[in-house]
file entry.tsv (TSV, N, CA, C and O atoms)
chain	number	residue	atom	x	y	z
A	281	MET	N	10.66	29.52	-14.31
A	281	MET	CA	10.04	30.30	-15.37
A	281	MET	C	11.07	30.55	-16.46
A	281	MET	O	12.21	30.89	-16.20
A	282	LYS	N	10.61	30.38	-17.70
A	282	LYS	CA	11.47	30.63	-18.85
A	282	LYS	C	11.10	31.98	-19.45
A	282	LYS	O	9.95	32.40	-19.41
A	283	LEU	N	12.10	32.63	-20.01
A	283	LEU	CA	11.89	33.86	-20.75
A	283	LEU	C	12.21	33.59	-22.22
A	283	LEU	O	13.25	33.00	-22.53
A	284	TYR	N	11.31	34.02	-23.08
A	284	TYR	CA	11.52	33.92	-24.51
A	284	TYR	C	11.61	35.33	-25.09
A	284	TYR	O	10.71	36.14	-24.89
A	285	PHE	N	12.69	35.62	-25.77
A	285	PHE	CA	12.84	36.86	-26.51
A	285	PHE	C	12.64	36.51	-27.97
A	285	PHE	O	13.37	35.67	-28.51
A	286	ILE	N	11.66	37.14	-28.61
A	286	ILE	CA	11.40	36.89	-30.02
A	286	ILE	C	11.65	38.20	-30.75
A	286	ILE	O	11.06	39.23	-30.43
A	287	CYS	N	12.55	38.14	-31.71
A	287	CYS	CA	13.00	39.36	-32.37
A	287	CYS	C	12.81	39.26	-33.88
A	287	CYS	O	13.18	38.27	-34.50
A	288	SER	N	12.23	40.32	-34.43
A	288	SER	CA	12.05	40.39	-35.88
A	288	SER	C	13.41	40.53	-36.56
A	288	SER	O	14.43	40.68	-35.88
A	289	PRO	N	13.46	40.50	-37.87
A	289	PRO	CA	14.74	40.48	-38.58
A	289	PRO	C	15.73	41.55	-38.10
A	289	PRO	O	15.38	42.71	-37.94
A	290	VAL	N	16.93	41.09	-37.82
A	290	VAL	CA	18.03	41.97	-37.42
A	290	VAL	C	19.22	41.69	-38.31
A	290	VAL	O	19.43	40.57	-38.76
A	291	SER	N	19.99	42.75	-38.56
A	291	SER	CA	21.17	42.58	-39.41
A	291	SER	C	22.37	42.08	-38.63
A	291	SER	O	23.25	41.44	-39.17
A	292	GLY	N	22.41	42.41	-37.35
A	292	GLY	CA	23.56	42.04	-36.53
A	292	GLY	C	24.51	43.20	-36.35
A	292	GLY	O	25.56	43.07	-35.73
A	293	ASN	N	24.16	44.37	-36.85
A	293	ASN	CA	25.07	45.51	-36.82
A	293	ASN	C	24.54	46.71	-36.05
A	293	ASN	O	25.18	47.74	-36.01
A	294	GLY	N	23.36	46.62	-35.46
A	294	GLY	CA	22.74	47.81	-34.91
A	294	GLY	C	22.60	47.85	-33.41
A	294	GLY	O	23.09	46.99	-32.67
A	295	GLY	N	21.87	48.86	-32.96
A	295	GLY	CA	21.66	49.10	-31.55
A	295	GLY	C	20.74	48.10	-30.89
A	295	GLY	O	20.90	47.79	-29.71
A	296	ILE	N	19.76	47.58	-31.64
A	296	ILE	CA	18.86	46.58	-31.07
A	296	ILE	C	19.66	45.37	-30.60
A	296	ILE	O	19.42	44.83	-29.52
A	297	GLU	N	20.61	44.95	-31.40
A	297	GLU	CA	21.42	43.79	-31.07
A	297	GLU	C	22.24	44.03	-29.80
A	297	GLU	O	22.34	43.15	-28.94
A	298	THR	N	22.79	45.23	-29.66
A	298	THR	CA	23.59	45.56	-28.49
A	298	THR	C	22.75	45.56	-27.22
A	298	THR	O	23.12	44.96	-26.21
A	299	VAL	N	21.60	46.21	-27.27
A	299	VAL	CA	20.71	46.27	-26.11
A	299	VAL	C	20.20	44.88	-25.78
A	299	VAL	O	20.16	44.48	-24.60
A	300	LEU	N	19.79	44.14	-26.77
A	300	LEU	CA	19.28	42.80	-26.55
A	300	LEU	C	20.33	41.90	-25.90
A	300	LEU	O	20.03	41.18	-24.94
A	301	ALA	N	21.55	41.95	-26.38
A	301	ALA	CA	22.64	41.16	-25.79
A	301	ALA	C	22.88	41.56	-24.34
A	301	ALA	O	23.07	40.69	-23.47
A	302	ASP	N	22.86	42.85	-24.03
A	302	ASP	CA	23.07	43.32	-22.66
A	302	ASP	C	21.95	42.87	-21.73
A	302	ASP	O	22.21	42.40	-20.62
A	303	VAL	N	20.71	43.01	-22.16
A	303	VAL	CA	19.56	42.63	-21.33
A	303	VAL	C	19.56	41.12	-21.09
A	303	VAL	O	19.38	40.67	-19.95
A	304	ILE	N	19.77	40.36	-22.14
A	304	ILE	CA	19.78	38.90	-21.99
A	304	ILE	C	20.92	38.46	-21.09
A	304	ILE	O	20.75	37.58	-20.23
A	305	THR	N	22.08	39.06	-21.22
A	305	THR	CA	23.21	38.73	-20.36
A	305	THR	C	22.87	39.00	-18.91
A	305	THR	O	23.15	38.17	-18.03
A	306	HIS	N	22.25	40.12	-18.63
A	306	HIS	CA	21.87	40.48	-17.26
A	306	HIS	C	20.85	39.49	-16.68
A	306	HIS	O	20.97	39.06	-15.53
A	307	LEU	N	19.87	39.10	-17.47
A	307	LEU	CA	18.79	38.24	-16.99
A	307	LEU	C	19.16	36.75	-16.98
A	307	LEU	O	18.51	35.95	-16.32
A	308	SER	N	20.21	36.38	-17.69
A	308	SER	CA	20.55	34.96	-17.83
A	308	SER	C	21.01	34.33	-16.52
A	308	SER	O	21.01	33.10	-16.40
A	309	ASN	N	21.38	35.13	-15.54
A	309	ASN	CA	21.77	34.60	-14.24
A	309	ASN	C	20.56	34.15	-13.43
A	309	ASN	O	20.70	33.35	-12.51
A	310	GLN	N	19.38	34.69	-13.75
A	310	GLN	CA	18.18	34.41	-12.96
A	310	GLN	C	17.17	33.54	-13.68
A	310	GLN	O	16.33	32.91	-13.03
A	311	TYR	N	17.20	33.51	-15.01
A	311	TYR	CA	16.17	32.84	-15.78
A	311	TYR	C	16.77	31.95	-16.86
A	311	TYR	O	17.88	32.19	-17.32
A	312	GLU	N	15.99	30.98	-17.27
A	312	GLU	CA	16.32	30.18	-18.44
A	312	GLU	C	15.80	30.95	-19.65
A	312	GLU	O	14.60	31.23	-19.75
A	313	ILE	N	16.68	31.31	-20.57
A	313	ILE	CA	16.31	32.21	-21.67
A	313	ILE	C	16.50	31.53	-23.01
A	313	ILE	O	17.50	30.85	-23.25
A	314	THR	N	15.53	31.78	-23.89
A	314	THR	CA	15.63	31.38	-25.28
A	314	THR	C	15.45	32.62	-26.14
A	314	THR	O	14.51	33.38	-25.95
A	315	LEU	N	16.35	32.81	-27.08
A	315	LEU	CA	16.27	33.90	-28.04
A	315	LEU	C	15.87	33.31	-29.38
A	315	LEU	O	16.58	32.49	-29.95
A	316	LEU	N	14.69	33.72	-29.86
A	316	LEU	CA	14.20	33.28	-31.16
A	316	LEU	C	14.33	34.43	-32.15
A	316	LEU	O	13.76	35.49	-31.95
A	317	LEU	N	15.09	34.22	-33.19
A	317	LEU	CA	15.24	35.21	-34.25
A	317	LEU	C	14.46	34.73	-35.47
A	317	LEU	O	14.48	33.53	-35.78
A	318	THR	N	13.78	35.63	-36.15
A	318	THR	CA	12.98	35.21	-37.31
A	318	THR	C	13.80	35.07	-38.58
A	318	THR	O	13.27	34.66	-39.61
A	319	ASN	N	15.07	35.42	-38.50
A	319	ASN	CA	15.96	35.23	-39.65
A	319	ASN	C	17.37	34.94	-39.15
A	319	ASN	O	17.69	35.16	-37.99
A	320	GLU	N	18.19	34.43	-40.02
A	320	GLU	CA	19.60	34.20	-39.68
A	320	GLU	C	20.34	35.51	-39.92
A	320	GLU	O	20.36	36.02	-41.04
A	321	PRO	N	20.93	36.10	-38.87
A	321	PRO	CA	21.61	37.39	-39.04
A	321	PRO	C	22.80	37.27	-40.00
A	321	PRO	O	23.51	36.26	-40.01
A	322	GLN	N	22.99	38.30	-40.79
A	322	GLN	CA	24.14	38.34	-41.70
A	322	GLN	C	25.43	38.42	-40.89
A	322	GLN	O	26.41	37.78	-41.23
A	323	ASN	N	25.41	39.22	-39.85
A	323	ASN	CA	26.56	39.37	-38.97
A	323	ASN	C	26.23	38.71	-37.63
A	323	ASN	O	25.38	39.17	-36.90
A	324	LYS	N	26.92	37.63	-37.32
A	324	LYS	CA	26.62	36.86	-36.11
A	324	LYS	C	27.56	37.19	-34.94
A	324	LYS	O	27.48	36.56	-33.89
A	325	LYS	N	28.43	38.17	-35.11
A	325	LYS	CA	29.40	38.49	-34.05
A	325	LYS	C	28.72	38.87	-32.74
A	325	LYS	O	29.19	38.51	-31.67
A	326	TRP	N	27.59	39.57	-32.82
A	326	TRP	CA	26.91	40.01	-31.60
A	326	TRP	C	26.36	38.83	-30.80
A	326	TRP	O	26.21	38.93	-29.58
A	327	LEU	N	26.10	37.71	-31.46
A	327	LEU	CA	25.60	36.53	-30.74
A	327	LEU	C	26.65	35.95	-29.81
A	327	LEU	O	26.31	35.31	-28.81
A	328	ALA	N	27.92	36.20	-30.10
A	328	ALA	CA	29.00	35.72	-29.22
A	328	ALA	C	29.01	36.43	-27.89
A	328	ALA	O	29.58	35.92	-26.91
A	329	GLN	N	28.35	37.59	-27.80
A	329	GLN	CA	28.28	38.34	-26.54
A	329	GLN	C	27.25	37.74	-25.58
A	329	GLN	O	27.25	38.05	-24.40
A	330	ILE	N	26.39	36.89	-26.09
A	330	ILE	CA	25.33	36.30	-25.28
A	330	ILE	C	25.89	35.06	-24.58
A	330	ILE	O	26.58	34.25	-25.21
A	331	PRO	N	25.60	34.91	-23.29
A	331	PRO	CA	26.16	33.77	-22.53
A	331	PRO	C	25.80	32.41	-23.13
A	331	PRO	O	24.76	32.26	-23.79
A	332	GLN	N	26.65	31.42	-22.86
A	332	GLN	CA	26.49	30.08	-23.41
A	332	GLN	C	25.22	29.38	-22.92
A	332	GLN	O	24.71	28.49	-23.59
A	333	ASN	N	24.71	29.77	-21.74
A	333	ASN	CA	23.53	29.10	-21.20
A	333	ASN	C	22.23	29.59	-21.83
A	333	ASN	O	21.15	29.10	-21.50
A	334	VAL	N	22.29	30.53	-22.76
A	334	VAL	CA	21.12	31.03	-23.47
A	334	VAL	C	20.97	30.25	-24.78
A	334	VAL	O	21.93	30.09	-25.53
A	335	THR	N	19.77	29.76	-25.03
A	335	THR	CA	19.48	29.04	-26.27
A	335	THR	C	19.15	30.06	-27.36
A	335	THR	O	18.27	30.90	-27.17
A	336	ILE	N	19.86	30.00	-28.47
A	336	ILE	CA	19.64	30.90	-29.60
A	336	ILE	C	19.15	30.07	-30.77
A	336	ILE	O	19.82	29.13	-31.20
A	337	LEU	N	17.97	30.42	-31.28
A	337	LEU	CA	17.37	29.68	-32.39
A	337	LEU	C	17.00	30.62	-33.52
A	337	LEU	O	16.50	31.72	-33.27
A	338	TYR	N	17.22	30.19	-34.74
A	338	TYR	CA	16.77	30.92	-35.92
A	338	TYR	C	16.64	29.92	-37.06
A	338	TYR	O	17.29	28.87	-37.05
A	339	PRO	N	15.76	30.22	-38.02
A	339	PRO	CA	15.57	29.27	-39.13
A	339	PRO	C	16.81	29.24	-40.03
A	339	PRO	O	17.45	30.25	-40.24
A	340	SER	N	17.11	28.06	-40.51
A	340	SER	CA	18.24	27.96	-41.44
A	340	SER	C	17.83	28.55	-42.78
A	340	SER	O	16.65	28.71	-43.08
A	341	LYS	N	18.83	28.87	-43.58
A	341	LYS	CA	18.56	29.49	-44.89
A	341	LYS	C	17.62	28.62	-45.71
A	341	LYS	O	17.76	27.40	-45.75
A	342	GLY	N	16.67	29.27	-46.35
A	342	GLY	CA	15.74	28.56	-47.19
A	342	GLY	C	14.53	28.00	-46.47
A	342	GLY	O	13.61	27.50	-47.08
A	343	LYS	N	14.52	28.06	-45.14
A	343	LYS	CA	13.39	27.56	-44.36
A	343	LYS	C	12.37	28.67	-44.17
A	343	LYS	O	12.70	29.85	-44.12
A	344	ASN	N	11.12	28.31	-44.02
A	344	ASN	CA	10.03	29.25	-43.84
A	344	ASN	C	10.05	29.77	-42.40
A	344	ASN	O	9.86	29.00	-41.46
A	345	SER	N	10.27	31.07	-42.23
A	345	SER	CA	10.38	31.64	-40.89
A	345	SER	C	9.05	31.63	-40.16
A	345	SER	O	9.01	31.53	-38.93
A	346	ALA	N	7.92	31.73	-40.87
A	346	ALA	CA	6.61	31.71	-40.21
A	346	ALA	C	6.35	30.35	-39.59
A	346	ALA	O	5.86	30.26	-38.45
A	347	ILE	N	6.67	29.29	-40.29
A	347	ILE	CA	6.49	27.94	-39.74
A	347	ILE	C	7.43	27.72	-38.57
A	347	ILE	O	7.05	27.17	-37.54
A	348	PHE	N	8.68	28.14	-38.72
A	348	PHE	CA	9.66	28.05	-37.64
A	348	PHE	C	9.13	28.73	-36.38
A	348	PHE	O	9.15	28.15	-35.29
A	349	LEU	N	8.63	29.94	-36.53
A	349	LEU	CA	8.13	30.69	-35.40
A	349	LEU	C	6.91	30.03	-34.79
A	349	LEU	O	6.80	29.91	-33.56
A	350	MET	N	5.99	29.55	-35.62
A	350	MET	CA	4.78	28.91	-35.12
A	350	MET	C	5.11	27.67	-34.30
A	350	MET	O	4.54	27.45	-33.23
A	351	VAL	N	6.02	26.86	-34.78
A	351	VAL	CA	6.41	25.65	-34.07
A	351	VAL	C	6.93	26.00	-32.68
A	351	VAL	O	6.57	25.36	-31.68
A	352	HIS	N	7.76	27.03	-32.59
A	352	HIS	CA	8.33	27.39	-31.29
A	352	HIS	C	7.33	28.11	-30.39
A	352	HIS	O	7.37	27.94	-29.17
A	353	LEU	N	6.43	28.89	-30.96
A	353	LEU	CA	5.40	29.53	-30.15
A	353	LEU	C	4.49	28.50	-29.50
A	353	LEU	O	4.04	28.68	-28.36
A	354	LEU	N	4.21	27.43	-30.19
A	354	LEU	CA	3.35	26.38	-29.64
A	354	LEU	C	4.00	25.62	-28.50
A	354	LEU	O	3.32	24.94	-27.73
A	355	GLN	N	5.30	25.73	-28.34
A	355	GLN	CA	6.02	25.05	-27.25
A	355	GLN	C	6.11	25.89	-25.98
A	355	GLN	O	6.59	25.41	-24.96
A	356	ILE	N	5.62	27.10	-26.02
A	356	ILE	CA	5.68	28.00	-24.86
A	356	ILE	C	4.51	27.69	-23.94
A	356	ILE	O	3.37	27.57	-24.38
A	357	HIS	N	4.80	27.56	-22.65
A	357	HIS	CA	3.79	27.23	-21.64
A	357	HIS	C	3.25	28.50	-20.99
A	357	HIS	O	3.87	29.57	-21.07
A	358	ASN	N	2.12	28.38	-20.33
A	358	ASN	CA	1.46	29.54	-19.70
A	358	ASN	C	2.34	30.23	-18.65
A	358	ASN	O	2.25	31.44	-18.48
A	359	GLN	N	3.15	29.48	-17.94
A	359	GLN	CA	3.98	30.09	-16.90
A	359	GLN	C	5.22	30.78	-17.46
A	359	GLN	O	5.89	31.52	-16.76
A	360	ASP	N	5.51	30.58	-18.74
A	360	ASP	CA	6.66	31.22	-19.38
A	360	ASP	C	6.29	32.65	-19.77
A	360	ASP	O	5.13	32.99	-19.93
A	361	ARG	N	7.30	33.48	-19.92
A	361	ARG	CA	7.09	34.87	-20.31
A	361	ARG	C	7.73	35.11	-21.67
A	361	ARG	O	8.81	34.60	-21.97
A	362	VAL	N	7.04	35.90	-22.49
A	362	VAL	CA	7.49	36.17	-23.85
A	362	VAL	C	7.67	37.67	-24.02
A	362	VAL	O	6.78	38.45	-23.71
A	363	ILE	N	8.83	38.06	-24.53
A	363	ILE	CA	9.13	39.45	-24.84
A	363	ILE	C	9.35	39.51	-26.34
A	363	ILE	O	10.26	38.87	-26.87
A	364	ILE	N	8.47	40.26	-27.01
A	364	ILE	CA	8.50	40.31	-28.47
A	364	ILE	C	8.95	41.69	-28.93
A	364	ILE	O	8.40	42.70	-28.49
A	365	LEU	N	9.94	41.71	-29.80
A	365	LEU	CA	10.44	42.95	-30.38
A	365	LEU	C	10.02	43.00	-31.84
A	365	LEU	O	10.58	42.31	-32.68
A	366	GLY	N	9.00	43.77	-32.12
A	366	GLY	CA	8.48	43.88	-33.48
A	366	GLY	C	6.97	43.83	-33.47
A	366	GLY	O	6.37	42.86	-33.01
A	367	ALA	N	6.33	44.88	-33.97
A	367	ALA	CA	4.88	45.01	-33.92
A	367	ALA	C	4.17	43.88	-34.66
A	367	ALA	O	3.18	43.33	-34.18
A	368	ASN	N	4.64	43.52	-35.83
A	368	ASN	CA	3.98	42.47	-36.60
A	368	ASN	C	4.08	41.12	-35.90
A	368	ASN	O	3.17	40.30	-35.99
A	369	LEU	N	5.18	40.88	-35.20
A	369	LEU	CA	5.34	39.62	-34.48
A	369	LEU	C	4.35	39.53	-33.31
A	369	LEU	O	3.88	38.44	-32.99
A	370	ILE	N	4.02	40.65	-32.71
A	370	ILE	CA	3.05	40.65	-31.61
A	370	ILE	C	1.70	40.19	-32.14
A	370	ILE	O	1.03	39.35	-31.53
A	371	LYS	N	1.28	40.71	-33.27
A	371	LYS	CA	0.01	40.31	-33.88
A	371	LYS	C	0.03	38.82	-34.23
A	371	LYS	O	-0.93	38.10	-33.98
A	372	TYR	N	1.13	38.37	-34.79
A	372	TYR	CA	1.25	36.96	-35.18
A	372	TYR	C	1.20	36.05	-33.97
A	372	TYR	O	0.50	35.04	-33.97
A	373	ALA	N	1.93	36.39	-32.92
A	373	ALA	CA	1.97	35.58	-31.70
A	373	ALA	C	0.61	35.55	-31.01
A	373	ALA	O	0.23	34.54	-30.41
A	374	HIS	N	-0.12	36.65	-31.09
A	374	HIS	CA	-1.43	36.71	-30.45
A	374	HIS	C	-2.37	35.66	-31.04
A	374	HIS	O	-3.13	35.04	-30.31
A	375	HIS	N	-2.29	35.45	-32.33
A	375	HIS	CA	-3.17	34.48	-32.98
A	375	HIS	C	-2.69	33.08	-32.71
A	375	HIS	O	-3.37	32.16	-32.59
call {"tool": "encode", "arguments": {"input": "entry.tsv", "output": "structure tokens"}}
result
Amino acid sequence: MKLYFICSPVSGNGGIETVLADVITHLSNQYEITLLLTNEPQNKKWLAQIPQNVTILYPSKGKNSAIFLMVHLLQIHNQDRVIILGANLIKYAHH
């Protein structure tokens, strides 16, 4: 089973990033994890705290984040689990 963490825009400087890195680090020993960010963080230092076996994806500058997200949501299988951080992303993923 794969776990997908989908996170709305983050700056890279706050508490969400710290908690997310800790949770993903803890779960990465048991699951195959992909972290999808809807934007490229300004500060990427917190991403270095995430283990190497975790796939981290975000759209490159100038790319449409909605299309990026849609493409990756369509690749998720029924047996996979998705954890979404952000109310608007939940609505978008539902559709």
call {"tool": "residues_near_point", "arguments": {"input": "entry.tsv", "point": "(26.7, 30.3, -24.4)", "cutoff": "12 Å", "atoms": "only C-alpha atoms", "output": "compact mmCIF listing (two decimals) with N, CA, C and O atoms, keeping the file's coordinate frame"}}
result
# COMPACT_ATOMS: atom_id res chain seq x y z
N ALA A 301 21.55 41.95 -26.38
CA ALA A 301 22.64 41.16 -25.79
C ALA A 301 22.88 41.56 -24.34
O ALA A 301 23.07 40.69 -23.47
N ILE A 304 19.77 40.36 -22.14
CA ILE A 304 19.78 38.90 -21.99
C ILE A 304 20.92 38.46 -21.09
O ILE A 304 20.75 37.58 -20.23
N THR A 305 22.08 39.06 -21.22
CA THR A 305 23.21 38.73 -20.36
C THR A 305 22.87 39.00 -18.91
O THR A 305 23.15 38.17 -18.03
N SER A 308 20.21 36.38 -17.69
CA SER A 308 20.55 34.96 -17.83
C SER A 308 21.01 34.33 -16.52
O SER A 308 21.01 33.10 -16.40
N GLU A 312 15.99 30.98 -17.27
CA GLU A 312 16.32 30.18 -18.44
C GLU A 312 15.80 30.95 -19.65
O GLU A 312 14.60 31.23 -19.75
N ILE A 313 16.68 31.31 -20.57
CA ILE A 313 16.31 32.21 -21.67
C ILE A 313 16.50 31.53 -23.01
O ILE A 313 17.50 30.85 -23.25
N THR A 314 15.53 31.78 -23.89
CA THR A 314 15.63 31.38 -25.28
C THR A 314 15.45 32.62 -26.14
O THR A 314 14.51 33.38 -25.95
N LEU A 315 16.35 32.81 -27.08
CA LEU A 315 16.27 33.90 -28.04
C LEU A 315 15.87 33.31 -29.38
O LEU A 315 16.58 32.49 -29.95
N LEU A 327 26.10 37.71 -31.46
CA LEU A 327 25.60 36.53 -30.74
C LEU A 327 26.65 35.95 -29.81
O LEU A 327 26.31 35.31 -28.81
N ALA A 328 27.92 36.20 -30.10
CA ALA A 328 29.00 35.72 -29.22
C ALA A 328 29.01 36.43 -27.89
O ALA A 328 29.58 35.92 -26.91
N GLN A 329 28.35 37.59 -27.80
CA GLN A 329 28.28 38.34 -26.54
C GLN A 329 27.25 37.74 -25.58
O GLN A 329 27.25 38.05 -24.40
N ILE A 330 26.39 36.89 -26.09
CA ILE A 330 25.33 36.30 -25.28
C ILE A 330 25.89 35.06 -24.58
O ILE A 330 26.58 34.25 -25.21
N PRO A 331 25.60 34.91 -23.29
CA PRO A 331 26.16 33.77 -22.53
C PRO A 331 25.80 32.41 -23.13
O PRO A 331 24.76 32.26 -23.79
N GLN A 332 26.65 31.42 -22.86
CA GLN A 332 26.49 30.08 -23.41
C GLN A 332 25.22 29.38 -22.92
O GLN A 332 24.71 28.49 -23.59
N ASN A 333 24.71 29.77 -21.74
CA ASN A 333 23.53 29.10 -21.20
C ASN A 333 22.23 29.59 -21.83
O ASN A 333 21.15 29.10 -21.50
N VAL A 334 22.29 30.53 -22.76
CA VAL A 334 21.12 31.03 -23.47
C VAL A 334 20.97 30.25 -24.78
O VAL A 334 21.93 30.09 -25.53
N THR A 335 19.77 29.76 -25.03
CA THR A 335 19.48 29.04 -26.27
C THR A 335 19.15 30.06 -27.36
O THR A 335 18.27 30.90 -27.17
N ILE A 336 19.86 30.00 -28.47
CA ILE A 336 19.64 30.90 -29.60
C ILE A 336 19.15 30.07 -30.77
O ILE A 336 19.82 29.13 -31.20
call {"tool": "closest_residue", "arguments": {"input": "entry.tsv", "among": "A:Asn358, A:Phe348, A:Trp326, A:Ala373", "to": "Asp302 of chain A", "atoms": "only C-alpha atoms"}}
result
A:Trp326
call {"tool": "atom_distance", "arguments": {"input": "entry.tsv", "atom1": "atom CA of Phe285 of chain A", "atom2": "atom CA of Val362 of chain A"}}
result
6.0 Å
call {"tool": "select_by_dssp", "arguments": {"input": "entry.tsv", "residues": "chain A", "states": "strand (DSSP E or B)", "output": "list of chain:residue names"}}
result
A:Lys282, A:Leu283, A:Tyr284, A:Phe285, A:Ile286, A:Cys287, A:Glu312, A:Ile313, A:Thr314, A:Leu315, A:Leu316, A:Leu317, A:Thr335, A:Ile336, A:Leu337, A:Arg361, A:Val362, A:Ile363, A:Ile364, A:Leu365
call {"tool": "atom_distance", "arguments": {"input": "entry.tsv", "atom1": "atom C of Pro289 of chain A", "atom2": "atom O of Ser340 of chain A"}}
result
13.8 Å
call {"tool": "atom_distance", "arguments": {"input": "entry.tsv", "atom1": "atom C of Ala367 of chain A", "atom2": "atom O of Leu337 of chain A"}}
result
17.4 Å
call {"tool": "closest_residue", "arguments": {"input": "entry.tsv", "among": "A:Leu349, A:Ile363, A:Leu354, A:Val290", "to": "Val303 of chain A", "atoms": "only C-alpha atoms"}}
result
A:Ile363
call {"tool": "residues_around", "arguments": {"input": "entry.tsv", "residues": "Thr318 of chain A", "least_positions_apart": "6", "cutoff": "6 Å", "atoms": "only C-alpha atoms", "output": "PDB file with N, CA, C and O atoms, keeping the file's coordinate frame"}}
result
ATOM      1  N   SER A 288      12.230  40.320 -34.430  1.00  0.00           N
ATOM      2  CA  SER A 288      12.050  40.390 -35.880  1.00  0.00           C
ATOM      3  C   SER A 288      13.410  40.530 -36.560  1.00  0.00           C
ATOM      4  O   SER A 288      14.430  40.680 -35.880  1.00  0.00           O
ATOM      5  N   PRO A 289      13.460  40.500 -37.870  1.00  0.00           N
ATOM      6  CA  PRO A 289      14.740  40.480 -38.580  1.00  0.00           C
ATOM      7  C   PRO A 289      15.730  41.550 -38.100  1.00  0.00           C
ATOM      8  O   PRO A 289      15.380  42.710 -37.940  1.00  0.00           O
ATOM      9  N   TYR A 338      17.220  30.190 -34.740  1.00  0.00           N
ATOM     10  CA  TYR A 338      16.770  30.920 -35.920  1.00  0.00           C
ATOM     11  C   TYR A 338      16.640  29.920 -37.060  1.00  0.00           C
ATOM     12  O   TYR A 338      17.290  28.870 -37.050  1.00  0.00           O
ATOM     13  N   SER A 345      10.270  31.070 -42.230  1.00  0.00           N
ATOM     14  CA  SER A 345      10.380  31.640 -40.890  1.00  0.00           C
ATOM     15  C   SER A 345       9.050  31.630 -40.160  1.00  0.00           C
ATOM     16  O   SER A 345       9.010  31.530 -38.930  1.00  0.00           O
TER      17      SER A 345
END
call {"tool": "select_by_dssp", "arguments": {"input": "entry.tsv", "residues": "segment 282-375 of chain A", "states": "alpha helix (DSSP H)", "output": "ChimeraX atom specification"}}
result
/A:295-307,345-353,367-374
call {"tool": "residues_near_point", "arguments": {"input": "entry.tsv", "point": "(23.3, 38.9, -39.2)", "cutoff": "10 Å", "atoms": "only C-alpha atoms", "output": "NGL selection string"}}
result
:A and (289-294 or 297 or 319-327)
call {"tool": "closest_residue", "arguments": {"input": "entry.tsv", "among": "A:Met350, A:Ile286, A:Gly342, A:Asn309", "to": "Tyr372 of chain A", "atoms": "only N, CA, C and O atoms"}}
result
A:Met350
call {"tool": "closest_residue", "arguments": {"input": "entry.tsv", "among": "A:Ile347, A:Val299, A:Met281, A:Leu316", "to": "Arg361 of chain A", "atoms": "all atoms listed in the file"}}
result
A:Met281
call {"tool": "residues_around", "arguments": {"input": "entry.tsv", "residues": "Asp360 of chain A", "least_positions_apart": "4", "cutoff": "8 Å", "atoms": "only C-alpha atoms", "output": "NGL selection string"}}
result
:A and (281-284 or 356)
